[in-house]
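The next block holds one structure in the form of structure tokens; read it before the comments.
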Amino acid sequence: MIADALIAAAILAVALATVAARGGFTAVALFIAYGLLLAFAWVRLGAMDVALTEAAIGAGLSGALLLGAASRVARHPVTTDRPPGRAMTAAIALGCGGVAVALAAAMLLLPDPAPTLAPSVAANLGTTGLGNPVAAVLMSFRGLDTLLESAVLVVAVIAAWSLAPEGGWGGVPGPAQPVVGDGPLALLARLLPPLGILVAVHVLWIGKDAPGGKFQAAAILAAMWMLAWMAGRASPPSVRSRSLRIAVAAGPTLFITVGLLGWLTQGAFLAYPPGLALPIIMVVEVALTASIAAALALLVLGPPERRA
Amino acid sequence: MTTLYGLLGAALVGIGLFGLLVRTDPLLRILAFNLMGGGIFLVFGTVARRGAGAGFAADPVPQAIILTGIVVAFAATTLAVALVVRIAAADQARDGTTDAP
């Protein structure tokens, strides 16, 4: 209880400080802390899979993306409309307070006993061959959500690339990184990736029976690649690269193919043949991990802007 | 204990919404929007926790949806950030300031 109160108080304080922060850098640093603290909250709520994802994507990759953006925008802040006046700010505060109070009231008035799908998941877990209920929901019971979500990443990469500045198309995504020869970054960029790849494979594999899976593994892989990139040890391929495009689209394409095969052989989109569910799910998981990792890294890098 | 996180989620939605409406720096608005998103996920996570049963610490269905939600929110954030960086570069080009990295 004390731990929960402390975590909640810390999250609240960091959120307030983020909104009140004067500069972009301070706000981003506080936001990373917010993501990490939120991961603690997820552990306390019994959602280990969400905690891992929040720490890896919500704090880690978002942090890298936003720090990079803050440093680029700081040199030339985007001019926008004037801040609201005192009376307007007070009115907005009142309105937002009202929204929060209404939501809080809804949380206090939730039905008891709570509606739950946990027994149905437990009853049908055996058909998937998986031991991790969240993985079973992601890959089988609500497979369509996961399919659409992996497609969203492909669309996001296309959208980000389409923001290429004039003359940038066909170039390399992200700002140039000089080679770092010395210091902690150079050391970590050499030391961590082999370990990180090992951890990612482990997280992917145990995801079938324990917290873990493709999103977490993909985020770790993307982070390892980003590390090598930041140290100037790895350069992203040109957006024209065919193999890069195949890497991004392969996972969702395979998932859709499996879905269509299920429709042809089992009579329902994304239905798995009995007994073969686990091997099919694992093959799709591996393909999705590679595609999601590539998409996440490309999204952090941003649009192509310099010549290869 | 679980209700505490639900109330926290509600408060975060309010704080994020306030930041989104009051701050004028686009990057800070993106951050505020994500604060709000975190609050919404927490509210949903509280509902999941209340649905614990059948040997699970929380209802796995909302948990899986939150997982997908985090990834989609990240994709949207990267797009918003790319737009802000692009606008900053366009402003810079219009003002005629040269920027040699």
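The way I read the labels, and the way they are meant: chains A, B, ... in the order of the structure tokens, residue 1 as the first residue of every chain, and ligand 1 as the first ligand shown, with later ones counted on from there.
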Contact residues around Val199 of chain A with only C-alpha atoms at 12 Å, ignoring same-chain residues under 6 positions, as an NGL selection string: :A and (192-193 or 205-207 or 212-213 or 216-221 or 223-224)
Compile the residues of chain A that lie within 6 Å of chain B, evaluated using only C-alpha atoms, and express the compilation as a compact mmCIF listing (two decimals) with N, CA, C and O atoms, in the first residue's frame.
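To be explicit, this is the file written out as part.txt:
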# COMPACT_ATOMS: atom_id res chain seq x y z
N VAL A 19 4.15 18.97 -17.56
CA VAL A 19 3.24 19.96 -18.14
C VAL A 19 3.72 21.38 -17.84
O VAL A 19 3.56 22.30 -18.64
N LEU A 45 0.04 -3.58 -10.92
CA LEU A 45 -1.30 -3.96 -11.41
C LEU A 45 -1.30 -5.37 -12.00
O LEU A 45 -2.27 -5.79 -12.61
N GLY A 46 -0.19 -6.09 -11.83
CA GLY A 46 -0.13 -7.47 -12.30
C GLY A 46 -0.02 -7.60 -13.80
O GLY A 46 -0.32 -8.66 -14.36
N VAL A 50 2.70 -5.56 -20.03
CA VAL A 50 2.55 -4.13 -20.29
C VAL A 50 3.72 -3.37 -19.68
O VAL A 50 4.25 -2.42 -20.29
N VAL A 78 9.67 26.20 -33.02
CA VAL A 78 8.53 26.40 -33.92
C VAL A 78 7.64 27.50 -33.33
O VAL A 78 7.24 27.44 -32.18
N PRO A 83 0.11 31.97 -25.91
CA PRO A 83 -0.49 31.18 -24.84
C PRO A 83 -1.80 31.83 -24.38
O PRO A 83 -1.95 33.04 -24.51
N CYS A 96 -10.74 20.77 -17.39
CA CYS A 96 -9.93 19.55 -17.30
C CYS A 96 -10.12 18.89 -15.94
O CYS A 96 -10.17 17.66 -15.83
N GLY A 97 -10.26 19.73 -14.90
CA GLY A 97 -10.54 19.19 -13.56
C GLY A 97 -11.85 18.42 -13.58
O GLY A 97 -11.96 17.34 -12.99
N ALA A 100 -11.37 15.07 -15.17
CA ALA A 100 -10.68 14.16 -14.25
C ALA A 100 -11.62 13.67 -13.17
O ALA A 100 -11.64 12.47 -12.84
N LEU A 103 -14.09 11.14 -14.55
CA LEU A 103 -13.44 9.85 -14.77
C LEU A 103 -13.18 9.14 -13.44
O LEU A 103 -13.37 7.92 -13.32
N ALA A 104 -12.75 9.93 -12.43
CA ALA A 104 -12.50 9.36 -11.10
C ALA A 104 -13.79 8.79 -10.52
O ALA A 104 -13.80 7.70 -9.94
N MET A 107 -14.47 5.56 -12.02
CA MET A 107 -13.60 4.51 -11.49
C MET A 107 -14.11 4.02 -10.13
O MET A 107 -13.93 2.86 -9.76
N ALA A 114 -16.49 -7.34 -10.88
CA ALA A 114 -16.07 -6.77 -12.15
C ALA A 114 -16.31 -7.76 -13.28
O ALA A 114 -16.08 -8.96 -13.11
N THR A 116 -15.35 -9.83 -16.43
CA THR A 116 -14.01 -10.30 -16.82
C THR A 116 -14.10 -11.39 -17.88
O THR A 116 -15.08 -12.14 -17.93
N ALA A 118 -11.35 -13.33 -18.12
CA ALA A 118 -10.27 -14.22 -17.69
C ALA A 118 -10.68 -15.70 -17.74
O ALA A 118 -9.92 -16.53 -18.25
N PRO A 119 -11.89 -16.07 -17.23
CA PRO A 119 -12.25 -17.50 -17.29
C PRO A 119 -12.34 -18.03 -18.72
O PRO A 119 -11.91 -19.16 -18.98
N PRO A 133 -1.23 -16.02 -21.14
CA PRO A 133 -2.58 -15.65 -21.60
C PRO A 133 -2.58 -14.40 -22.48
O PRO A 133 -3.37 -14.30 -23.43
N VAL A 134 -1.68 -13.42 -22.18
CA VAL A 134 -1.66 -12.19 -22.98
C VAL A 134 -1.22 -12.51 -24.42
O VAL A 134 -1.77 -11.99 -25.38
N LEU A 138 -3.23 -11.92 -27.87
CA LEU A 138 -2.63 -11.14 -28.96
C LEU A 138 -2.59 -11.93 -30.27
O LEU A 138 -2.85 -11.38 -31.34
N ALA A 160 5.97 8.61 -42.33
CA ALA A 160 7.17 9.34 -41.89
C ALA A 160 8.09 9.60 -43.08
O ALA A 160 8.63 10.70 -43.23
N LEU A 299 11.14 4.47 -37.36
CA LEU A 299 10.28 5.54 -36.86
C LEU A 299 11.05 6.49 -35.95
O LEU A 299 10.81 7.69 -35.96
Who sits within 12 Å of Leu130 of chain A, only C-alpha atoms, same chain under 4 positions skipped, as a list of chain:residue names: A:Val121, A:Ala122, A:Asn124, A:Leu125, A:Gly126, A:Val134, A:Ala135, A:Ala136, A:Val137, A:Leu138, A:Met139, A:Ser140, A:Phe141, A:Trp205, A:Ile206, A:Gly207, A:Lys208, A:Asp209, A:Ala210, A:Pro211, A:Gly213, A:Gly275, A:Leu276, A:Ala277, A:Leu278, A:Pro279, A:Ile280, A:Ile281, A:Met282
Could you name the residues that touch Ala249 of chain A at 10 Å or less, counting only C-alpha atoms, but leaving out those on the same chain fewer than 2 positions away, as a short mmCIF file (atom, residue, chain, number, x, y, z; two decimals) with C-alpha atoms, in the first residue's frame?
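Once everything was written out, this is around-v6.cif:
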data_model
loop_
_atom_site.label_atom_id
_atom_site.label_comp_id
_atom_site.auth_asym_id
_atom_site.auth_seq_id
_atom_site.Cartn_x
_atom_site.Cartn_y
_atom_site.Cartn_z
CA SER A 150 1.45 -4.34 -37.11
CA ALA A 151 -0.04 -2.82 -40.28
CA LEU A 153 3.52 0.44 -38.03
CA VAL A 154 4.05 -0.10 -41.77
CA VAL A 155 1.71 2.80 -42.58
CA SER A 243 15.54 -5.45 -48.58
CA LEU A 244 14.68 -2.74 -46.03
CA ARG A 245 11.16 -2.42 -47.39
CA ILE A 246 10.74 -6.20 -47.42
CA ALA A 247 11.97 -6.35 -43.80
CA GLY A 251 5.79 -9.77 -40.80
CA PRO A 252 2.36 -8.24 -41.47
CA THR A 253 2.30 -9.86 -44.93
CA LEU A 254 2.97 -13.30 -43.46
CA ALA A 287 8.59 -12.65 -38.56
CA LEU A 288 6.62 -9.93 -36.75
CA ALA A 290 11.89 -8.62 -37.20
CA SER A 291 9.41 -6.34 -38.98
CA ILE A 292 8.38 -4.48 -35.82
CA ALA A 294 12.85 -2.52 -38.25
CA ALA A 295 9.74 -0.30 -38.18
#
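Computed from the coordinates, the atom CA of Val101 of chain A to atom CA of Leu12 of chain A distance equals 15.1 Å.
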Segment 5-100 of chain B: residues DSSP assigns to alpha helix (DSSP H), reported as a PyMOL selection string: chain B and resi 5-22+26-50+60-95
Distance of atom CA of Gly98 of chain A from atom CA of Leu110 of chain A, expressed in Å to one decimal place: 18.4 Å
One-decimal distance in Å that lies between atom CA of Ala70 of chain A and atom CA of Phe25 of chain A: 6.0 Å
Closest of A:Phe31, A:Ala231, A:Leu163, A:Leu108 to Gly183 of chain A - atom-to-atom distances counting only C-alpha atoms: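 Using only C-alpha atoms, Gly183 of chain A sits closest to A:Ala231.
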